[in-house]
Each structure stands twice: as structure tokens, then as C-alpha cells.
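First up is the structure itself, then whatever we jot down about it.
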Amino acid sequence: METILILSFVAMALIGVPVAYALALSVSFVLFEFMDLPQVLIVNNLFSGIDSFSFMAVPFFMLAGAFMSAGGVTSRLVNVAQAMVGSFTGGLAQAVAVAGMFFAAISGSSAATTAAIGSTMVNEMEQKGYKREMATGIVAAAGTVGIVIPPSITFVVYGVIANVSIGDLFMAGVLPGLLMGGVMCGMGWYLAKKGQIPPDGSFSCKRLAITIKDAFWALLTPVIIIGGIYSGMFTPTEAAAVAAVYGIVVGLFIYRELKIKDFPEIVFKAVIGTTLIMFLVGAAKVFGWLMTNLQIPHMIGEAVTHVTSSGIVFLLIMNVLLLVLGTLVNASAAVVILTPIFLPVATSMGIDPIHFGVIMVVNLAIGCITPPVGLDLFVASAITKVPLEKVMRSTMPYLLSLICALLVITMVPAISTTLPNLFK
């Protein structure tokens with residue numbers, strides 16, 4: 001039954017069945033054919049899997065990102081990024097990476113970050129001497145930090161499943177996210193130097209000050225979220241609601257680019273996005289429930305411990321597994337499926353649950369630009385109209401640099417644990 005469950009899921013995923021349906025249908029098949037159990041168990045476990053107060057943060061963070069994007073925040077964040085690094089060699093590529101980090105601190109989603117930055121930056125980069133596919137490559141890569149830098153929807157899911165503080169996970173994602181952005185800036189500089197793309201103008205403190213002043217209310221968002229959580233003013237779920245309301249206030253009354261007539265479309269898109277994520281999480285929870293009943297996590301744990309008792313070797317094996325899985329399965333669903341299986345193994349080897357969560361999320365983030373089916377590759381291709389195979393090729397240098405960052409994060413737990421321990 002264990003083999004049939006996994007093979008049926010893999011087979012359906014390979015022929016194009018949506019992941020959530022593949023997860024639920026594979027469970028349904030095993031229950032019906034081999035266990036003679038009622039199908040209502042699937043529904044019961046699906047709903048119990050998403051019946052958590054903390055999951056209410058998902059729609060609110062999605063609303064916050066949508067309101068901020070429609071309210072003129074994206075363009076102002078891009079302006080700040082360009083003023084900071086745009087005058088250096090490869091400055092526009094670096095500005096995309098920096099803008100990605102800024103928008104990640106608002107959206108909590110890699111696809112949303114890719115879409116927001118891509119729709120703003122690619123045409124300008126092309127006008128300044130970058131090939132369109134080269135510009136698309138950095139845009140797709142910049143989206144990866146969307147689920148690493150707080151607030152992160154994927155960290156919310158991991159926190160609920162692993163019973164780990166979501167506030168600590170948010171803080172744990174800061175330094176890894178900055179490291180990922182830093183290596184992308186370095187690769188942007190190298191590629192521009194190699195392609196002999198000249199710097200764009202000169203650095204101006206006055207211009208930087210003006211853009212920061214203009215984007216002040218946007219840049220204040222992560223301060224409100226993280227500061228509010230750690231000051232005890234509100235929980236992560238309440239912080240998400242505050243962020244959504246703050247996005248409305250900033251867009252309507254401060255920047256005045258958000259219109260009341262935009263609300264139905266924004267809310268509808270947030271509802272659709274939330275439904276997709278929650279259905280994925282629920283279906284993954286059903287799949288995880290059956291795996292637990294079949295003792296698959298226990299068998300996998302024993303197999304891993306027979307292969308190695310080294311925490312570092314275990315994490316390197318996890319890196320390979322997660323990089324591959326990240327191309328096939330939504331990050332939130334992967335977290336729900338794999339956390340109950342591998343977190344007990346990790347803790348038995350002395351690995352901090354927060355460090356393990358960061359490694360999982362960073363891997364799944366990189367999986368978003370890992371061929372053949374990384375989500376951000378499709379988003380970037382759709383926005384820029386660059387063929388998918390060219391997008392894949394142009395992201396390869398950034399993929400390699402992000403894998404190097406992943407190895408550093410894996411080998412140096414302090415990168416993940418310093419800030420959470422500092423603020424306890």
C-alpha cells in the first residue's frame with residue numbers, strides 16, 4: 001500500500017493532474033481499493049488540516065501584498081532600489097534583486113514578487129543594454145526571496161505543522177533572505193561586467209534620500225509586522241490583518257493610487273490565491289495522515305538513520321530532495337507533506353527546528369526557478385513573453401549562486417538562529 005500510494009501520486013502528477021487533486025485522489029484510491037475505509041475520512045482530514053487560527057494569516061498577507069501593489073508601493077520600492085545600487089556596474093540587475101527583497105517583505109509570495117518586479121523592470125533593463133532574456137533571468141531569480149524574507153506564507157504553514165513560533169521563523173528568514181539577495185547582486189555585477197554593460201549614471205545621496213522619503217510608508221510595513229509581533233502588540237495572524245488594513249490606508253489616503261473600484265478585483269484574486277493554497281495544504285494534510293497511518297515516516301526515518309547519523313549529511317540529502325521536489329510541488333504543500341516525516345529525524349540528530357525550517361523554505365524557494373517546472377520561470381515567461389527555455393537558460397547563473405548561498409545557510413546554523421535567539 002505504501003508503494004501504491006506514492007506511485008499513484010507521482011503518476012498523476014507526471015501526467016498533469018493538479019498537485020492537490022493528485023494528493024487527494026491517490027489517498028482515495030488506496031482507501032477504496034485496499035483499506036475499505038469510508039471516503040468521508042478524506043473530507044474530515046482535509047478540513048481538520050486547515051482548521052487553525054494561524055492559517056488566517058494567509059489571506060490577510062495576500063490581501064496586504066495586493067493592496068500594496070495596487071496602491072503604488074511597487075514602483076516606489078523599485079525607485080529606492082535603483083537609487084541604492086542602480087549606478088553600479090550591473091546596477092539595474094542588482095536593483096531587481098534589491099527590489100525583490102523589498103517586495104518580499106510585503107507580499108510573502110515568490111510568484112507575486114516575480115510578477116510585481118517583472119512588470120516594472122524588464123523593459124527598462126532592455127532599454128539600458130540588457131538582453132530581454134537576461135533581464136528575465138534576474139526577475140525570476142529575484143522572486144525566490146518572496147517566501148524567505150518575512151512575512152512568508154510558507155513559514156506560517158511550517159510553523160503550524162511543526163508547532164514552532166511563527167515570529168521566530170519570520171526573524172530566522174531575514175539573514176538567509178539577505179544572503180540570497182546579496183549573491184544575486186554579485187552575480188548581476190559579474191554578468192554585466194562580462195557583457196560590458198556600462199553603469200547607469202552616478203550615485204546620488206540626494207536622489208536616494210528623496211526616494212526613501214517617497215517610499216517611507218511602504219518601507220515601514222515590515223517594521224510594523226515584525227515589530228508588532230515581537231513587542232507583543234499582536235500575534236502573527238493579527239499582524240497579517242493589520243498589514244492588510246495598513247495597505248488600504250497607504251494606498252487610499254497616502255499614495256492615493258488605490259481606488260475603491262479596485263477592491264472587488266483585489267479581494268477576488270486574494271480569495272482565489274488563498275483557496276488554492278488552503279486546498280493544497282488540506283490535500284497535503286490528507287496525504288500526510290495516510291502516510292502516518294501506514295507508518296511511512298517511521299520507515300523513512302529508520303532508512304535515513306541507517307544511511308547516516310551525521311546531521312550535516314542528512315541536511316545535504318534533504319537539500320537534494322527538496323530542490324527536486326520544489327520544481328514539482330507547491331512550497332506550502334511540500335512543507336505539509338515532508339515536515340512530519342523529516343522533522344523528527346532532524347531533531348533526533350540535534351538540528352534546531354527553526355534552522356531546519358529555514359533550510360526547507362530556502363530549498364523550496366530555489367525550486368521555484370529550478371527546471372523543468374519551477375513556478376517563477378512560468379510567471380517570468382508569461383510577463384516578459386520570453387520563451388520558457390530561454391528563461392531557464394538565463395536563470396542558471398543565479399540558480400548556481402543561490403545553491404552556493406543554500407550551502408552556506410546549511411553549514412552555518414547561526415545565520416538562521418541568531419536573530420530569533422537575540423530577540424527572545
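In the C-alpha cells, the first chain shown is A, the next is B, and so on; residue numbers restart at 1 for each chain, and ligands run from 1 in the order shown.
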Quiz item: Can you list every residue in range 143-233 of chain A that DSSP puts in helix (DSSP H, G or I), as a ChimeraX atom specification?
Solution: /A:143-147,153-162,166-172,174-194,205-214,216-230
Practice problem: Name the residues in contact with Pro236 in chain A at a cut-off of 10 Å, using only C-alpha atoms, excluding same-chain residues fewer than 3 positions from it; report them as a PyMOL selection string. | Solution: chain A and resi 54-57+151+156+165-167+170+225-226+228-230+232-233+239-242
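Proximity to Ile296 in chain A was assessed for A:Val320, A:Leu5, A:Ala334, A:Ile415 counting only C-alpha atoms; the smallest distance is recorded for A:Leu5.
Across the structure, CA of Val362 in chain A and CA of Leu406 in chain A are spaced 6.9 Å apart.
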Which residues, written as a PDB file with all heavy atoms, in the first residue's frame, have at least one atom at most 8 Å from Val85 in chain A, with only C-alpha atoms counted and residues fewer than 5 positions away on the same chain left out?
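Result written to around-v2.pdb:
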ATOM      1  N   GLY A  91      24.027  47.567 -12.262  1.00  0.00           N
ATOM      2  CA  GLY A  91      23.169  48.193 -11.260  1.00  0.00           C
ATOM      3  C   GLY A  91      21.703  47.857 -11.407  1.00  0.00           C
ATOM      4  O   GLY A  91      21.011  47.639 -10.409  1.00  0.00           O
ATOM      5  N   LEU A  92      21.201  47.809 -12.643  1.00  0.00           N
ATOM      6  CA  LEU A  92      19.782  47.505 -12.817  1.00  0.00           C
ATOM      7  C   LEU A  92      19.467  46.065 -12.413  1.00  0.00           C
ATOM      8  O   LEU A  92      18.410  45.790 -11.837  1.00  0.00           O
ATOM      9  CB  LEU A  92      19.366  47.761 -14.266  1.00  0.00           C
ATOM     10  CG  LEU A  92      19.176  49.234 -14.653  1.00  0.00           C
ATOM     11  CD1 LEU A  92      18.759  49.363 -16.105  1.00  0.00           C
ATOM     12  CD2 LEU A  92      18.149  49.909 -13.748  1.00  0.00           C
ATOM     13  N   GLN A  94      21.132  44.430 -10.138  1.00  0.00           N
ATOM     14  CA  GLN A  94      21.188  44.463  -8.680  1.00  0.00           C
ATOM     15  C   GLN A  94      19.939  45.131  -8.107  1.00  0.00           C
ATOM     16  O   GLN A  94      19.427  44.723  -7.054  1.00  0.00           O
ATOM     17  CB  GLN A  94      22.438  45.217  -8.227  1.00  0.00           C
ATOM     18  CG  GLN A  94      23.740  44.525  -8.614  1.00  0.00           C
ATOM     19  CD  GLN A  94      24.953  45.299  -8.122  1.00  0.00           C
ATOM     20  OE1 GLN A  94      25.055  45.621  -6.946  1.00  0.00           O
ATOM     21  NE2 GLN A  94      25.872  45.595  -9.028  1.00  0.00           N
ATOM     22  N   ALA A  95      19.424  46.147  -8.819  1.00  0.00           N
ATOM     23  CA  ALA A  95      18.221  46.832  -8.351  1.00  0.00           C
ATOM     24  C   ALA A  95      17.022  45.882  -8.348  1.00  0.00           C
ATOM     25  O   ALA A  95      16.161  45.955  -7.467  1.00  0.00           O
ATOM     26  CB  ALA A  95      17.923  48.042  -9.234  1.00  0.00           C
ATOM     27  N   PHE A 203      26.045  57.623  -8.457  1.00  0.00           N
ATOM     28  CA  PHE A 203      25.301  57.542  -7.204  1.00  0.00           C
ATOM     29  C   PHE A 203      25.019  58.940  -6.664  1.00  0.00           C
ATOM     30  O   PHE A 203      25.883  59.824  -6.688  1.00  0.00           O
ATOM     31  CB  PHE A 203      26.095  56.744  -6.183  1.00  0.00           C
ATOM     32  CG  PHE A 203      25.405  56.617  -4.851  1.00  0.00           C
ATOM     33  CD1 PHE A 203      24.373  55.706  -4.675  1.00  0.00           C
ATOM     34  CD2 PHE A 203      25.774  57.426  -3.788  1.00  0.00           C
ATOM     35  CE1 PHE A 203      23.731  55.582  -3.458  1.00  0.00           C
ATOM     36  CE2 PHE A 203      25.135  57.308  -2.562  1.00  0.00           C
ATOM     37  CZ  PHE A 203      24.113  56.387  -2.396  1.00  0.00           C
TER      38      PHE A 203
END
Quiz item: Ile4 in chain A: which residues within 10 Å, counting only C-alpha atoms, same-chain residues fewer than 2 positions away excluded, as a VMD selection string?
Solution: chain A and resid 1 to 2 6 to 10 26 to 27 29 to 30 34
Each residue of range 87-145 of chain A with at least one atom at most 12 Å from range 257-279 of chain A should appear once, together with its nearest atom pair and the corresponding distance in Å (one decimal); atoms considered: only C-alpha atoms; ordering: chain, then increasing residue number; output as a tab-separated table.
residue	atom	partner	partner_atom	distance
A:Ser107	CA	A:Ala270	CA	11.4
A:Ser109	CA	A:Gly273	CA	10.4
A:Ala111	CA	A:Gly273	CA	10.9
A:Ala112	CA	A:Gly273	CA	10.4
Exercise. Check the smallest atom-to-atom distance from each of A:Ala20, A:Val249, A:Leu191, A:Ala209 to Met68 in chain A using only C-alpha atoms, then report the winner.
Key: A:Val249
Practice problem: Could you check which of A:Leu343, A:Met318, A:Leu23, A:Val379 is closest to Ala115 in chain A, using only C-alpha atoms? | Solution: A:Val379
Practice problem: Tell me which protein, DNA and RNA residues are within 12 Å of Tyr190 in chain A, counting only C-alpha atoms, leaving out same-chain ones fewer than 4 positions away, and put them as an MDAnalysis selection string. | Solution: chainID A and resid 88:91 93:94 183:186 194:197 397:398 401
Residue neighbourhood Ala105 in chain A, 6 Å, only C-alpha atoms, exclusion window fewer than 6 positions, as a compact mmCIF listing (two decimals) with N, CA, C and O atoms, in the first residue's frame:
# COMPACT_ATOMS: atom_id res chain seq x y z
N ILE A 149 12.12 35.97 3.06
CA ILE A 149 12.09 37.20 3.87
C ILE A 149 10.68 37.39 4.43
O ILE A 149 9.70 37.24 3.70
N PRO A 150 10.54 37.69 5.72
CA PRO A 150 9.22 37.82 6.32
C PRO A 150 8.48 39.06 5.79
O PRO A 150 9.12 40.03 5.43
N PRO A 151 7.12 38.99 5.77
CA PRO A 151 6.29 37.86 6.18
C PRO A 151 6.23 36.80 5.08
O PRO A 151 6.16 37.13 3.90
N PRO A 222 7.25 46.14 6.90
CA PRO A 222 7.87 45.04 7.65
C PRO A 222 8.21 45.43 9.08
O PRO A 222 8.21 44.57 9.98
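Checking A:Ala135, A:Ala414, A:Ile224, A:Ala162 one by one against Leu338 in chain A, counting only C-alpha atoms, you find the shortest gap at A:Ala162.
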Practice problem: Find the distance between CA of Thr370 in chain A and CA of Leu323 in chain A and write it in Å to one decimal. | Solution: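 Spanning CA of Thr370 in chain A to CA of Leu323 in chain A is a straight-line distance of 7.5 Å.
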Quiz item: Which residue out of A:Glu126, A:Val164, A:Pro199, A:Leu77 has the minimum interatomic distance to Thr211 in chain A when only C-alpha atoms are used?
Solution: A:Leu77
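The two atoms in question, CA of Gly247 in chain A and CA of Phe67 in chain A, are spaced 5.3 Å apart.
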Could you make a table, as a tab-separated table, of the residues of range 347-371 of chain A that have an atom within 8 Å of an atom of range 299-315 of chain A, each with its nearest atom pair and distance in Å to one decimal, counting only C-alpha atoms, in chain and number order?
residue	atom	partner	partner_atom	distance
A:Met349	CA	A:Gly311	CA	5.6
A:Gly350	CA	A:Gly311	CA	7.3
A:Ile351	CA	A:Gly311	CA	6.8
Output N, CA, C and O atoms of each residue in that selection to a file, as a PDB file, in the first residue's frame.
ATOM      1  N   MET A 349      18.733  14.273  15.498  1.00  0.00           N
ATOM      2  CA  MET A 349      20.152  14.482  15.189  1.00  0.00           C
ATOM      3  C   MET A 349      20.664  15.808  15.752  1.00  0.00           C
ATOM      4  O   MET A 349      21.773  16.230  15.442  1.00  0.00           O
ATOM      5  N   GLY A 350      19.826  16.468  16.553  1.00  0.00           N
ATOM      6  CA  GLY A 350      20.261  17.704  17.202  1.00  0.00           C
ATOM      7  C   GLY A 350      20.133  18.941  16.345  1.00  0.00           C
ATOM      8  O   GLY A 350      20.726  19.985  16.654  1.00  0.00           O
ATOM      9  N   ILE A 351      19.353  18.875  15.275  1.00  0.00           N
ATOM     10  CA  ILE A 351      19.165  20.024  14.386  1.00  0.00           C
ATOM     11  C   ILE A 351      18.027  20.886  14.916  1.00  0.00           C
ATOM     12  O   ILE A 351      16.934  20.391  15.216  1.00  0.00           O
TER      13      ILE A 351
END
